[in-house]
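S.K.: Next up, work17.cif (mmCIF, C-alpha atoms).
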```
data_query
loop_
_atom_site.label_atom_id
_atom_site.label_comp_id
_atom_site.auth_asym_id
_atom_site.auth_seq_id
_atom_site.Cartn_x
_atom_site.Cartn_y
_atom_site.Cartn_z
CA MET A 23 -4.06 155.82 -22.84
CA LEU A 24 -7.10 158.08 -22.95
CA SER A 25 -6.83 158.43 -26.71
CA GLU A 26 -6.56 154.66 -27.08
CA GLN A 27 -9.66 154.15 -24.95
CA VAL A 28 -11.68 156.76 -26.85
CA TYR A 29 -10.52 155.26 -30.15
CA ALA A 30 -11.62 151.77 -29.03
CA ASN A 31 -14.99 153.07 -27.83
CA LEU A 32 -15.68 154.93 -31.07
CA ARG A 33 -14.53 152.02 -33.21
CA THR A 34 -16.88 149.66 -31.38
CA ALA A 35 -19.77 152.12 -31.63
CA ILE A 36 -19.30 152.52 -35.39
CA MET A 37 -18.95 148.77 -35.94
CA HIS A 38 -22.10 148.07 -33.95
CA GLY A 39 -24.15 150.67 -35.82
CA ALA A 40 -24.48 153.19 -32.98
CA HIS A 41 -23.38 155.75 -35.57
CA ALA A 42 -25.15 155.17 -38.88
CA PRO A 43 -23.51 155.55 -42.31
CA GLY A 44 -23.01 159.24 -43.06
CA ASP A 45 -23.60 160.38 -39.45
CA ALA A 46 -21.52 163.33 -38.27
CA LEU A 47 -18.93 162.60 -35.58
CA LYS A 48 -18.84 165.89 -33.70
CA PRO A 49 -15.70 166.22 -31.57
CA GLN A 50 -17.35 168.53 -29.04
CA ASP A 51 -20.26 166.16 -28.41
CA LEU A 52 -18.00 163.12 -28.28
CA ALA A 53 -15.65 164.84 -25.81
CA VAL A 54 -18.56 165.51 -23.47
CA ALA A 55 -19.94 161.98 -23.84
CA GLN A 56 -16.52 160.39 -23.24
CA GLY A 57 -15.51 162.80 -20.48
CA VAL A 58 -12.22 163.73 -22.13
CA SER A 59 -10.63 166.74 -23.78
CA LEU A 60 -11.29 167.83 -27.35
CA ALA A 61 -7.66 167.11 -28.24
CA VAL A 62 -8.01 163.48 -27.13
CA VAL A 63 -11.14 163.01 -29.23
CA ARG A 64 -9.55 164.59 -32.30
CA GLU A 65 -6.54 162.29 -31.98
CA ALA A 66 -8.85 159.28 -31.87
CA LEU A 67 -10.88 160.53 -34.85
CA VAL A 68 -7.74 161.07 -36.95
CA ARG A 69 -6.76 157.47 -36.22
CA LEU A 70 -10.21 156.27 -37.30
CA VAL A 71 -9.79 158.20 -40.55
CA GLY A 72 -6.50 156.39 -41.12
CA ASP A 73 -8.25 153.07 -40.56
CA GLY A 74 -10.97 153.91 -43.08
CA LEU A 75 -13.64 153.92 -40.37
CA ALA A 76 -14.31 157.67 -40.58
CA ASP A 77 -14.05 160.43 -43.16
CA ARG A 78 -12.58 163.88 -42.67
CA LEU A 79 -14.74 166.30 -44.64
CA PRO A 80 -13.49 169.75 -45.68
CA ASN A 81 -15.06 172.41 -43.45
CA ARG A 82 -17.48 169.81 -42.05
CA GLY A 83 -15.44 167.87 -39.51
CA PHE A 84 -15.67 164.10 -39.25
CA ALA A 85 -18.33 161.58 -40.27
CA VAL A 86 -18.97 157.87 -40.53
CA PRO A 87 -18.36 156.76 -44.15
CA ALA A 88 -21.54 157.02 -46.20
CA PHE A 89 -23.14 153.85 -47.55
CA SER A 90 -21.54 154.17 -50.97
CA ASP A 91 -21.41 151.35 -53.48
CA ARG A 92 -18.44 152.97 -55.22
CA ARG A 93 -16.42 153.19 -52.00
CA TRP A 94 -16.85 149.54 -51.11
CA GLN A 95 -16.37 148.39 -54.68
CA GLU A 96 -13.00 150.18 -54.68
CA ILE A 97 -12.02 148.45 -51.44
CA ALA A 98 -13.10 145.09 -52.85
CA GLU A 99 -11.17 145.76 -56.06
CA ALA A 100 -8.02 146.53 -54.08
CA ARG A 101 -8.39 143.35 -52.04
CA ARG A 102 -9.01 141.23 -55.14
CA ALA A 103 -5.84 142.65 -56.68
CA VAL A 104 -3.59 142.04 -53.66
CA GLU A 105 -4.84 139.13 -51.55
CA PRO A 106 -4.90 136.38 -54.21
CA VAL A 107 -1.23 137.20 -54.91
CA LEU A 108 -0.40 136.77 -51.22
CA LEU A 109 -2.39 133.54 -51.07
CA ARG A 110 -0.51 132.12 -54.04
CA MET A 111 2.76 132.99 -52.30
CA SER A 112 1.53 131.32 -49.11
CA VAL A 113 0.59 128.15 -50.97
CA GLU A 114 4.06 128.06 -52.52
CA ARG A 115 6.07 129.04 -49.42
CA GLY A 116 4.01 127.94 -46.41
CA ASP A 117 5.58 125.27 -44.23
CA LEU A 118 4.07 122.60 -41.98
CA ASP A 119 3.64 125.09 -39.13
CA TRP A 120 1.63 127.34 -41.48
CA GLU A 121 -0.60 124.41 -42.42
CA ALA A 122 -1.27 123.67 -38.75
CA ARG A 123 -2.10 127.31 -38.01
CA VAL A 124 -4.48 127.47 -40.99
CA ARG A 125 -6.31 124.37 -39.76
CA ALA A 126 -6.54 125.74 -36.23
CA ALA A 127 -7.78 129.13 -37.43
CA HIS A 128 -10.41 127.52 -39.63
CA HIS A 129 -11.54 125.25 -36.78
CA ARG A 130 -11.98 128.27 -34.50
CA LEU A 131 -13.90 130.17 -37.17
CA ALA A 132 -16.18 127.24 -37.98
CA ARG A 133 -16.98 126.71 -34.29
CA THR A 134 -17.64 130.37 -33.44
CA PRO A 135 -21.32 131.46 -33.68
CA PRO A 136 -21.59 134.30 -36.21
CA PHE A 137 -24.57 135.89 -34.48
CA LEU A 138 -25.40 136.39 -30.81
CA PRO A 139 -28.77 137.71 -29.58
CA GLU A 140 -27.13 140.30 -27.34
CA GLU A 141 -25.12 141.72 -30.25
CA GLY A 142 -28.09 142.29 -32.55
CA GLU A 143 -28.16 141.88 -36.31
CA HIS A 144 -24.42 142.30 -36.94
CA TYR A 145 -21.78 139.60 -36.84
CA SER A 146 -20.54 139.02 -33.31
CA ASP A 147 -17.22 140.46 -32.18
CA ALA A 148 -15.89 136.97 -31.52
CA TRP A 149 -16.79 135.77 -35.03
CA SER A 150 -15.38 138.90 -36.64
CA GLU A 151 -12.05 138.37 -34.87
CA ALA A 152 -11.97 134.67 -35.77
CA HIS A 153 -12.73 135.66 -39.36
CA ARG A 154 -9.85 138.15 -39.43
CA ILE A 155 -7.43 135.63 -37.92
CA PHE A 156 -8.38 132.95 -40.46
CA HIS A 157 -7.87 135.21 -43.47
CA ARG A 158 -4.61 136.63 -42.15
CA THR A 159 -3.28 133.18 -41.28
CA LEU A 160 -4.00 132.00 -44.82
CA LEU A 161 -1.77 134.79 -46.13
CA GLU A 162 0.98 134.67 -43.50
CA GLY A 163 2.70 131.83 -45.32
CA CYS A 164 3.89 134.40 -47.86
CA GLY A 165 6.48 135.59 -45.32
CA ASN A 166 6.39 139.20 -46.55
CA THR A 167 5.67 141.63 -43.69
CA MET A 168 5.23 144.63 -45.99
CA LEU A 169 2.49 142.88 -47.94
CA LEU A 170 0.85 141.67 -44.75
CA ASP A 171 0.80 145.26 -43.43
CA THR A 172 -1.05 146.22 -46.61
CA PHE A 173 -3.55 143.43 -45.96
CA ASP A 174 -4.07 144.68 -42.38
CA ARG A 175 -4.93 148.19 -43.59
CA MET A 176 -7.32 146.94 -46.26
CA TRP A 177 -9.00 144.58 -43.80
CA THR A 178 -9.74 147.37 -41.35
CA ALA A 179 -11.02 149.64 -44.12
CA SER A 180 -13.36 146.91 -45.35
CA GLU A 181 -14.71 145.96 -41.90
CA LEU A 182 -17.73 148.26 -42.19
CA ALA A 183 -18.58 146.78 -45.58
CA ARG A 184 -18.60 143.30 -44.09
CA ARG A 185 -20.76 144.43 -41.17
CA TRP A 186 -23.30 146.14 -43.43
CA SER A 187 -23.31 143.26 -45.89
CA ALA A 188 -23.77 140.72 -43.10
CA ARG A 189 -26.79 142.59 -41.81
CA ARG A 190 -28.43 142.51 -45.23
CA ARG A 191 -27.50 138.97 -46.34
CA PRO A 192 -27.82 136.68 -43.29
CA GLY A 193 -28.34 133.56 -45.43
CA ARG A 194 -24.87 133.60 -46.98
CA ASP A 195 -23.02 130.29 -46.58
CA HIS A 196 -19.77 131.44 -45.03
CA LEU A 197 -19.02 127.95 -43.72
CA ALA A 198 -18.79 126.55 -47.24
CA GLU A 199 -16.78 129.51 -48.53
CA HIS A 200 -14.19 129.30 -45.77
CA ARG A 201 -13.99 125.51 -45.95
CA ARG A 202 -13.19 125.77 -49.65
CA LEU A 203 -10.45 128.32 -48.93
CA GLU A 204 -8.88 126.05 -46.33
CA GLU A 205 -9.10 122.91 -48.45
CA THR A 206 -7.69 124.41 -51.65
CA ALA A 207 -4.86 126.21 -49.83
CA LEU A 208 -3.77 123.13 -47.89
CA ALA A 209 -4.07 121.01 -51.04
CA ARG A 210 -1.44 123.40 -52.47
CA ASP A 211 -3.74 124.24 -55.38
CA ALA A 212 -2.82 127.88 -55.89
CA ASP A 213 -5.17 128.42 -58.83
CA ALA A 214 -8.21 127.02 -57.01
CA ALA A 215 -7.37 128.85 -53.78
CA ALA A 216 -6.96 132.19 -55.55
CA ALA A 217 -10.23 131.66 -57.44
CA ALA A 218 -12.06 130.80 -54.22
CA LEU A 219 -10.73 133.94 -52.54
CA VAL A 220 -11.75 136.18 -55.44
CA GLU A 221 -15.26 134.69 -55.36
CA HIS A 222 -15.42 135.14 -51.58
CA LEU A 223 -14.46 138.81 -51.78
CA THR A 224 -16.78 139.45 -54.72
CA LEU A 225 -19.85 138.13 -52.91
CA THR A 226 -19.55 140.84 -50.25
CA ALA A 227 -19.10 143.58 -52.85
CA ASP A 228 -21.99 142.28 -54.97
CA GLY A 229 -24.25 142.11 -51.94
CA LEU A 230 -23.56 145.74 -51.13
CA ALA A 231 -24.12 146.80 -54.73
CA GLU A 232 -27.46 144.99 -54.78
CA ASP A 233 -28.53 146.70 -51.57
CA THR A 234 -27.45 150.11 -52.87
CA ARG A 235 -29.57 149.69 -55.97
CA ARG A 236 -32.52 148.53 -53.88
CA GLU A 237 -32.25 151.53 -51.55
CA ALA A 238 -31.98 153.92 -54.50
CA THR A 239 -35.11 152.41 -56.08
CA THR A 240 -37.01 152.67 -52.79
CA LYS A 241 -36.11 156.33 -52.35
CA ALA A 242 -37.13 157.09 -55.95
#
```
Since I need it in another form, could you write the structure as structure tokens?

M.R.:
Amino acid sequence: MLSEQVYANLRTAIMHGAHAPGDALKPQDLAVAQGVSLAVVREALVRLVGDGLADRLPNRGFAVPAFSDRRWQEIAEARRAVEPVLLRMSVERGDLDWEARVRAAHHRLARTPPFLPEEGEHYSDAWSEAHRIFHRTLLEGCGNTMLLDTFDRMWTASELARRWSARRRPGRDHLAEHRRLEETALARDADAAAAALVEHLTLTADGLAEDTRREATTKA
């Protein structure tokens, strides 16, 4: 239970920017701050590494993933290769119950405020969870648990990318993007739904690439 609590605390801190990209995650300091043993902290950090929310560096301990265009482009490439396939399967196999769950998930997402003053410049926790549920529900019609497990791992690994991208591109029209995904999927237009998903995923990756180039130019 202690490890689960420490894991949840660290995950939230990383997602909310309390630990910046590239920051060291020192087990000794975290153990003192959390009031737990070093073994408990290490167990939580190893789990974060598995989720893609921390890196384990040779001879250097643990760190928050650096703001790397290549890293997030690789994640986006993996998602673009896998998720449109699952969406096509969902469009072909999804039943009436799946349609109802997609509509409900989209309604929740569309009605959830993406930003809250008390949560700063990042997407709110409530919106982030509604976002995850909508995307997963779209793909659940495929009926393949192994593929859905792959989606879950990629989603967690890409969560930081979405948070950083959201902070830099607040004017992005997510409402229109998600509405198009819902409409094309429920219209059983597999080609249009897959194309909409690829475009949706690419916008996040492109936004991060643009910001990386801007930061590199500024530092030069």

S.K.: List the residues sitting within 12 Å of (-15.5, 163.4, -40.5) in the file's frame, using all atoms listed in the file, as a PyMOL selection string.

M.R.: chain A and resi 43-49+64+66-72+74-88

S.K.: With the PyMOL selection byres ((chain A and resi 206-216) around 12) as the selection, what would be picked from this file? Answer as a PyMOL selection string, please.

M.R.: chain A and resi 101-125+128+157+159-161+163+199-205+217-223

S.K.: Would you kindly return, as an mmCIF file with C-alpha atoms, keeping the file's coordinate frame, each protein, DNA or RNA residue with an atom no farther than 8 Å from any atom of Trp149 of chain A, considering only C-alpha atoms and excluding same-chain residues fewer than 4 positions away?

M.R.:
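This is the output file out-v3.cif:
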```
data_model
loop_
_atom_site.group_PDB
_atom_site.id
_atom_site.type_symbol
_atom_site.label_atom_id
_atom_site.label_comp_id
_atom_site.auth_asym_id
_atom_site.auth_seq_id
_atom_site.Cartn_x
_atom_site.Cartn_y
_atom_site.Cartn_z
ATOM 1 C CA LEU A 131 -13.900 130.170 -37.170
ATOM 2 C CA THR A 134 -17.640 130.370 -33.440
ATOM 3 C CA PRO A 135 -21.320 131.460 -33.680
ATOM 4 C CA PRO A 136 -21.590 134.300 -36.210
ATOM 5 C CA PHE A 137 -24.570 135.890 -34.480
ATOM 6 C CA TYR A 145 -21.780 139.600 -36.840
ATOM 7 C CA HIS A 153 -12.730 135.660 -39.360
#
```

S.K.: Please identify all polymer residues within 12 Å of Val28 of chain A, counting only C-alpha atoms, omitting same-chain residues fewer than 3 positions from it, and present them as a ChimeraX atom specification.

M.R.: /A:23-25,31-35,49,52-70

S.K.: What is the distance between atom CA of Gln50 of chain A and atom CA of Trp177 of chain A, in Å to one decimal?

M.R.: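 Here the two named atoms are 29.3 Å from each other.
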
S.K.: Have a look at A:Arg130, A:Arg184, A:His38, A:Arg175 and name the one nearest to Ile155 of chain A; count all atoms listed in the file.

M.R.: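 Looking at the shortest contact to Ile155 of chain A, the residue is A:Arg130.
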
S.K.: Would you save segment 92-198 of chain A to a file, keeping C-alpha atoms, as a compact mmCIF listing (two decimals), in the first residue's frame?

M.R.:
```txt
# COMPACT_ATOMS: atom_id res chain seq x y z
CA ARG A 92 12.72 12.17 -30.88
CA ARG A 93 11.25 10.40 -27.84
CA TRP A 94 7.76 11.77 -28.34
CA GLN A 95 7.89 11.32 -32.10
CA GLU A 96 8.64 7.63 -31.51
CA ILE A 97 5.68 7.34 -29.15
CA ALA A 98 3.44 9.10 -31.67
CA GLU A 99 4.71 6.83 -34.45
CA ALA A 100 3.89 3.74 -32.38
CA ARG A 101 0.39 5.02 -31.65
CA ARG A 102 -0.24 5.91 -35.29
CA ALA A 103 0.78 2.38 -36.27
CA VAL A 104 -1.43 0.59 -33.72
CA GLU A 105 -4.48 2.66 -32.81
CA PRO A 106 -5.98 3.18 -36.29
CA VAL A 107 -5.92 -0.61 -36.71
CA LEU A 108 -7.85 -1.04 -33.45
CA LEU A 109 -10.29 1.69 -34.46
CA ARG A 110 -10.98 -0.01 -37.77
CA MET A 111 -11.65 -3.26 -35.90
CA SER A 112 -13.98 -1.42 -33.52
CA VAL A 113 -15.92 0.12 -36.40
CA GLU A 114 -16.33 -3.33 -37.94
CA ARG A 115 -17.07 -5.28 -34.73
CA GLY A 116 -18.62 -2.80 -32.30
CA ASP A 117 -22.20 -3.50 -31.28
CA LEU A 118 -25.02 -1.22 -30.14
CA ASP A 119 -23.70 -1.19 -26.57
CA TRP A 120 -20.32 0.03 -27.88
CA GLU A 121 -22.05 2.83 -29.79
CA ALA A 122 -23.87 3.93 -26.64
CA ARG A 123 -20.65 3.90 -24.59
CA VAL A 124 -18.83 5.94 -27.26
CA ARG A 125 -21.60 8.55 -27.22
CA ALA A 126 -21.57 8.71 -23.43
CA ALA A 127 -17.79 8.99 -23.27
CA HIS A 128 -17.78 11.77 -25.86
CA HIS A 129 -20.54 13.62 -24.02
CA ARG A 130 -18.54 13.48 -20.79
CA LEU A 131 -15.39 14.68 -22.53
CA ALA A 132 -17.15 17.54 -24.31
CA ARG A 133 -18.75 18.72 -21.06
CA THR A 134 -15.60 18.53 -18.92
CA PRO A 135 -13.60 21.80 -18.67
CA PRO A 136 -10.07 21.18 -19.97
CA PHE A 137 -8.51 23.80 -17.73
CA LEU A 138 -9.17 24.77 -14.11
CA PRO A 139 -7.57 27.80 -12.41
CA GLU A 140 -6.46 25.75 -9.42
CA GLU A 141 -4.66 23.24 -11.65
CA GLY A 142 -2.56 25.80 -13.52
CA GLU A 143 -1.56 25.68 -17.16
CA HIS A 144 -1.91 21.92 -17.66
CA TYR A 145 -5.04 20.03 -18.62
CA SER A 146 -7.14 19.24 -15.56
CA ASP A 147 -7.09 15.76 -14.06
CA ALA A 148 -10.80 15.37 -14.75
CA TRP A 149 -10.39 16.28 -18.43
CA SER A 150 -7.36 14.03 -18.81
CA GLU A 151 -9.32 11.07 -17.43
CA ALA A 152 -12.34 11.83 -19.62
CA HIS A 153 -9.96 12.05 -22.59
CA ARG A 154 -8.44 8.65 -21.80
CA ILE A 155 -11.86 7.04 -21.36
CA PHE A 156 -13.11 8.42 -24.69
CA HIS A 157 -10.13 7.15 -26.66
CA ARG A 158 -10.16 3.75 -24.98
CA THR A 159 -13.90 3.37 -25.46
CA LEU A 160 -13.51 4.08 -29.17
CA LEU A 161 -11.10 1.15 -29.42
CA GLU A 162 -12.85 -1.28 -27.07
CA GLY A 163 -15.19 -2.39 -29.84
CA CYS A 164 -12.26 -4.36 -31.28
CA GLY A 165 -12.76 -6.96 -28.53
CA ASN A 166 -9.06 -7.84 -28.35
CA THR A 167 -7.72 -7.52 -24.78
CA MET A 168 -4.09 -8.00 -25.82
CA LEU A 169 -4.26 -5.07 -28.22
CA LEU A 170 -6.08 -2.96 -25.66
CA ASP A 171 -3.32 -3.67 -23.12
CA THR A 172 -0.85 -2.36 -25.69
CA PHE A 173 -2.95 0.78 -26.05
CA ASP A 174 -2.98 1.26 -22.26
CA ARG A 175 0.82 1.14 -22.08
CA MET A 176 1.27 3.55 -24.97
CA TRP A 177 -1.31 5.93 -23.52
CA THR A 178 0.50 6.16 -20.20
CA ALA A 179 3.86 6.64 -21.92
CA SER A 180 2.44 9.47 -24.01
CA GLU A 181 0.70 11.27 -21.13
CA LEU A 182 3.63 13.60 -20.50
CA ALA A 183 3.74 14.53 -24.17
CA ARG A 184 0.09 15.51 -24.07
CA ARG A 185 0.60 17.55 -20.89
CA TRP A 186 3.59 19.42 -22.32
CA SER A 187 1.88 19.94 -25.66
CA ALA A 188 -1.28 21.21 -23.98
CA ARG A 189 0.71 23.77 -22.04
CA ARG A 190 2.27 25.12 -25.22
CA ARG A 191 -0.74 25.00 -27.57
CA PRO A 192 -3.81 26.10 -25.56
CA GLY A 193 -5.71 27.20 -28.69
CA ARG A 194 -6.00 23.71 -30.18
CA ASP A 195 -9.59 22.77 -31.06
CA HIS A 196 -9.93 19.45 -29.26
CA LEU A 197 -13.72 19.68 -29.34
CA ALA A 198 -13.78 19.53 -33.13
```
